[in-house]
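This report refers to the structure that appears directly beneath it.
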Amino acid sequence: MIKKKIAILGSTGSIGKNSLDVINTNRKKFKILLLSANSNYSEIIRQIKKYKPKFFVVSNFVTFQKIKRKFQNKKTIILNEFSRVPIKLKFDITIAAIVGIAGLEPTIQFTKNSKKILLANKESIICGWHIISNIIKKKNTKVVPIDSEHFSIQQLTNSYKDADIKKIYITASGGPFLKKPLNSFKKIKPKDAFKHPNWSMGKKISIDSSNLMNKILELIEAYKLFIFNPKKYEIIIHPQSLIHAIVVFKNGLSKFLYHETDMKIPISNAIYENKINIENIVKKKNNFLFKLKNLKFEKVDKKRFPIVTLVNNKFISKSAPIILNASNEVLVDCFIKNKIPYNGIFEILKRVFKDRDFTKYAVKKTPSIYEIYKIDKWARDKTWQLISKNYEKFI
Ligand code: NDP
Ligand code: MG
């Protein structure tokens with residue numbers, strides 16, 4: 001049997017580890033050719049020993065040196081940069097699961113050398129989809145978004161045209177603060193925001209889920225990934241996170257996709273083209289009928305989640321999402337490090353958008369990689385400037 005050659009970019013993260021678990025349930029079918037991480041020393045060591053990949057890309061230079069020293073003369077080749085991965089190397093499946101803008105270039109690179117790419121890295125879709133989609137067309141790469149909402153929309157709308165569709169709902173759980181009194185929002189600490197009621201995810205996306213920024217990013221991703229008119233999308237609160245998208249067709253039928261809150265489900269289905277017995281991978285009782293009885297949906301409360309007011313053409317079209325993404329990355333990082341309060345994320349974002357240079361950077365339709373980084377850098381610098389200007393207010 002010919003083994004499928006696999007690459008996992010961001011293998012030490014939440015999506016990365018889930019992907020390895022999926023592959024591990026049927027190891028003989030796969031050859032793990034390449035894994036990558038940034039600085040998680042102990043997990044990198046564990047993965048090299050357990051999975052013996054041919055290549056491990058370690059982006060953080062200090063960690064790279066330590067790992068390289070430890071694995072000298074061993075079978076795994078340790079690299080510090082993706083650009084050193086031999087161009088001849090081809091993959092059957094790549095899972096793109098780095099967090100942040102750092103995922104952009106590796107995702108572009110692996111879209112060129114993979115038959116199928118499972119896309120988790122939001123930032124590469126948000127900032128560089130125009131580049132990735134060109135490669136997909138040229139190289140005929142199959143793309144499966146594995147974020148549960150996009151995975152669902154792709155499944156539900158496969159072979160439908162824009163003209164067939166009336167509405168697409170993207171669900172949001174509402175996160176840990178759906179019922180929290182509004183006057184206590186100021187006191188929210190990172191540890192409170194990490195406690196997502198339904199999903200276990202990386203830190204950055206957990207914060208983004210708590211204030212619904214994750215849904216704004218997902219809306220932008222949906223605009224890029226699918227051909228449907230952006231006006232047809234709506235965010236809807238669904239606290240159970242069991243339905244991930246609902247598509248209302250003009251023919252009077254509506255479809256939704258239900259799956260348990262375990263990322264292994266979209267990951268496995270994407271790997272195995274839906275031909276899989278999930279019980280071999282996810283061993284949980286799911287009480288389907290009981291849960292179905294209790295599904296709830298509600299409109300988004302804009303007072304609670306003011307970030308949804310950003311769904312405005314000015315902020316989410318052309319190159320504005322690059323600014324949104326970069327500023328948010330800085331702000332979330334500052335919040336995690338207790339440098340700004342929870343509400344500061346939205347407050348400072350709004351100020352970035354009001355800056356007199358915003359329009360200059362927000363109107364590029366198809367920025368090159370160089371321009372993407374330039375816009376990204378402007379947004380980060382501006383955000384830092386605003387944070388330091390308001391620092392007194394925050395402490
Ligand atoms: P994690 O923070 O858990 O993992 C991120 C991975 O990226 C780790 O392997 C990390 O390495 C690596 N990494 C971080 N910084 C860099 C860098 N500068 N250069 C190279 N590699 C780096 O994130 P998640 O797994 O939660 O998310 C990954 C992506 O998938 C994100 O874009 C997220 O939005 C998206 N996503 C995640 C979902 C989830 O359920 N978790 C759901 C849908 C989408 P190290 O461990 O060494 O730091
Ligand atoms: Mg999602």
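Chain labels run A, B, ... following the order of the structure tokens; each chain numbers its residues from 1, and ligands are numbered from 1 in the order shown.
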
Mind listing the residues within 8 Å of ligand 1, only C-alpha atoms and all ligand atoms counted, as a ChimeraX atom specification?
/A:9-17,36-41,43-44,58-60,96-103,119-123,146-148,199-206,214,262-263

Backbone-only DSSP, helix (DSSP H, G or I) members of region 102-228 of chain A, as a ChimeraX atom specification:
/A:102-112,122-139,148-157,162-164,175-177,182-187,190-194,203-210,213-225

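Restricting the calculation to only C-alpha atoms, the smallest distance between Ile153 (chain A) and any of A:Ile93, A:Glu221, A:Ser114, A:Gly174 is found for A:Glu221.
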
Nearest residue to Lys5 (chain A) out of A:Asn158, A:Ala193, A:Ile271, A:Phe64, using only C-alpha atoms?
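The shortest atom-to-atom distance to Lys5 (chain A) comes from A:Ile271.
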
Neighbours of Thr157 (chain A) within 12 Å (only C-alpha atoms; same-chain residues fewer than 2 positions away dropped), as a list of chain:residue names?
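Contacts, with the query itself left out: A:His150, A:Phe151, A:Ser152, A:Ile153, A:Gln154, A:Gln155, A:Ser159, A:Tyr160, A:Lys161, A:Asp162, A:Ala163, A:Asp164, A:Ile165, A:Lys166, A:Lys167, A:Ile168, A:Leu225, A:Phe226, A:Ile227, A:Phe228, A:Ala245, A:Ile246, A:Val247, A:Val248, A:Phe249, A:Ser254, A:Lys255, A:Phe256, A:Leu257.
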
For the residues selected in the previous step, produce a file with C-alpha atoms as an mmCIF file, in the first residue's frame.
```
data_model
loop_
_atom_site.group_PDB
_atom_site.id
_atom_site.type_symbol
_atom_site.label_atom_id
_atom_site.label_comp_id
_atom_site.auth_asym_id
_atom_site.auth_seq_id
_atom_site.Cartn_x
_atom_site.Cartn_y
_atom_site.Cartn_z
ATOM 1 C CA HIS A 150 -16.276 26.675 6.849
ATOM 2 C CA PHE A 151 -16.007 22.931 6.746
ATOM 3 C CA SER A 152 -19.800 22.861 7.179
ATOM 4 C CA ILE A 153 -20.525 25.542 4.584
ATOM 5 C CA GLN A 154 -18.345 23.699 2.079
ATOM 6 C CA GLN A 155 -20.159 20.426 2.768
ATOM 7 C CA SER A 159 -22.410 22.025 -6.196
ATOM 8 C CA TYR A 160 -24.767 24.941 -5.441
ATOM 9 C CA LYS A 161 -24.585 28.368 -7.054
ATOM 10 C CA ASP A 162 -25.031 31.766 -5.415
ATOM 11 C CA ALA A 163 -28.417 32.056 -7.120
ATOM 12 C CA ASP A 164 -29.640 28.935 -5.252
ATOM 13 C CA ILE A 165 -28.955 30.359 -1.827
ATOM 14 C CA LYS A 166 -30.988 32.740 0.264
ATOM 15 C CA LYS A 167 -29.087 32.895 3.531
ATOM 16 C CA ILE A 168 -26.111 31.387 5.330
ATOM 17 C CA LEU A 225 -13.405 30.952 0.427
ATOM 18 C CA PHE A 226 -16.871 30.800 -1.101
ATOM 19 C CA ILE A 227 -18.547 32.401 -4.097
ATOM 20 C CA PHE A 228 -21.635 33.585 -2.226
ATOM 21 C CA ALA A 245 -23.636 26.491 9.772
ATOM 22 C CA ILE A 246 -27.171 26.664 8.407
ATOM 23 C CA VAL A 247 -27.857 27.214 4.719
ATOM 24 C CA VAL A 248 -31.309 28.376 3.634
ATOM 25 C CA PHE A 249 -31.925 27.586 -0.031
ATOM 26 C CA SER A 254 -32.698 24.408 4.610
ATOM 27 C CA LYS A 255 -29.736 22.309 5.621
ATOM 28 C CA PHE A 256 -27.518 22.388 8.631
ATOM 29 C CA LEU A 257 -24.486 20.452 9.676
#
```

Against region 300-314 of chain A, which residues of region 216-261 of chain A fall within 10 Å? For each one I want the closest pair of atoms and the distance in Å (one decimal), counting only C-alpha atoms, rows by chain and increasing residue number, as a Markdown table.
```
| residue | atom | partner | partner_atom | distance |
| --- | --- | --- | --- | --- |
| A:Ile216 | CA | A:Val308 | CA | 6.8 |
| A:Leu217 | CA | A:Val311 | CA | 10.0 |
| A:Leu219 | CA | A:Val311 | CA | 8.6 |
| A:Ile220 | CA | A:Val311 | CA | 9.2 |
| A:Pro230 | CA | A:Asn313 | CA | 9.9 |
| A:Glu234 | CA | A:Val300 | CA | 9.7 |
| A:Ile235 | CA | A:Val300 | CA | 7.2 |
| A:Ile236 | CA | A:Val300 | CA | 6.0 |
| A:Ile237 | CA | A:Val300 | CA | 5.9 |
| A:His238 | CA | A:Val300 | CA | 9.6 |
```

One decimal, in Å: what's the spacing between CA of Ile135 (chain A) and CA of Ile95 (chain A)?
16.5 Å

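If you measure from each of A:Ile48, A:Leu295, A:Ala379, A:Ile170 to ligand 2 using only C-alpha atoms and all ligand atoms, the closest one turns out to be A:Ile170.
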
Let me make sure I understand: among A:Lys31, A:Lys215, A:Lys54, A:Lys49, which one has the smallest atom-to-atom distance to ligand 2 if we use only C-alpha atoms and all ligand atoms?
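Closest candidate: A:Lys215.
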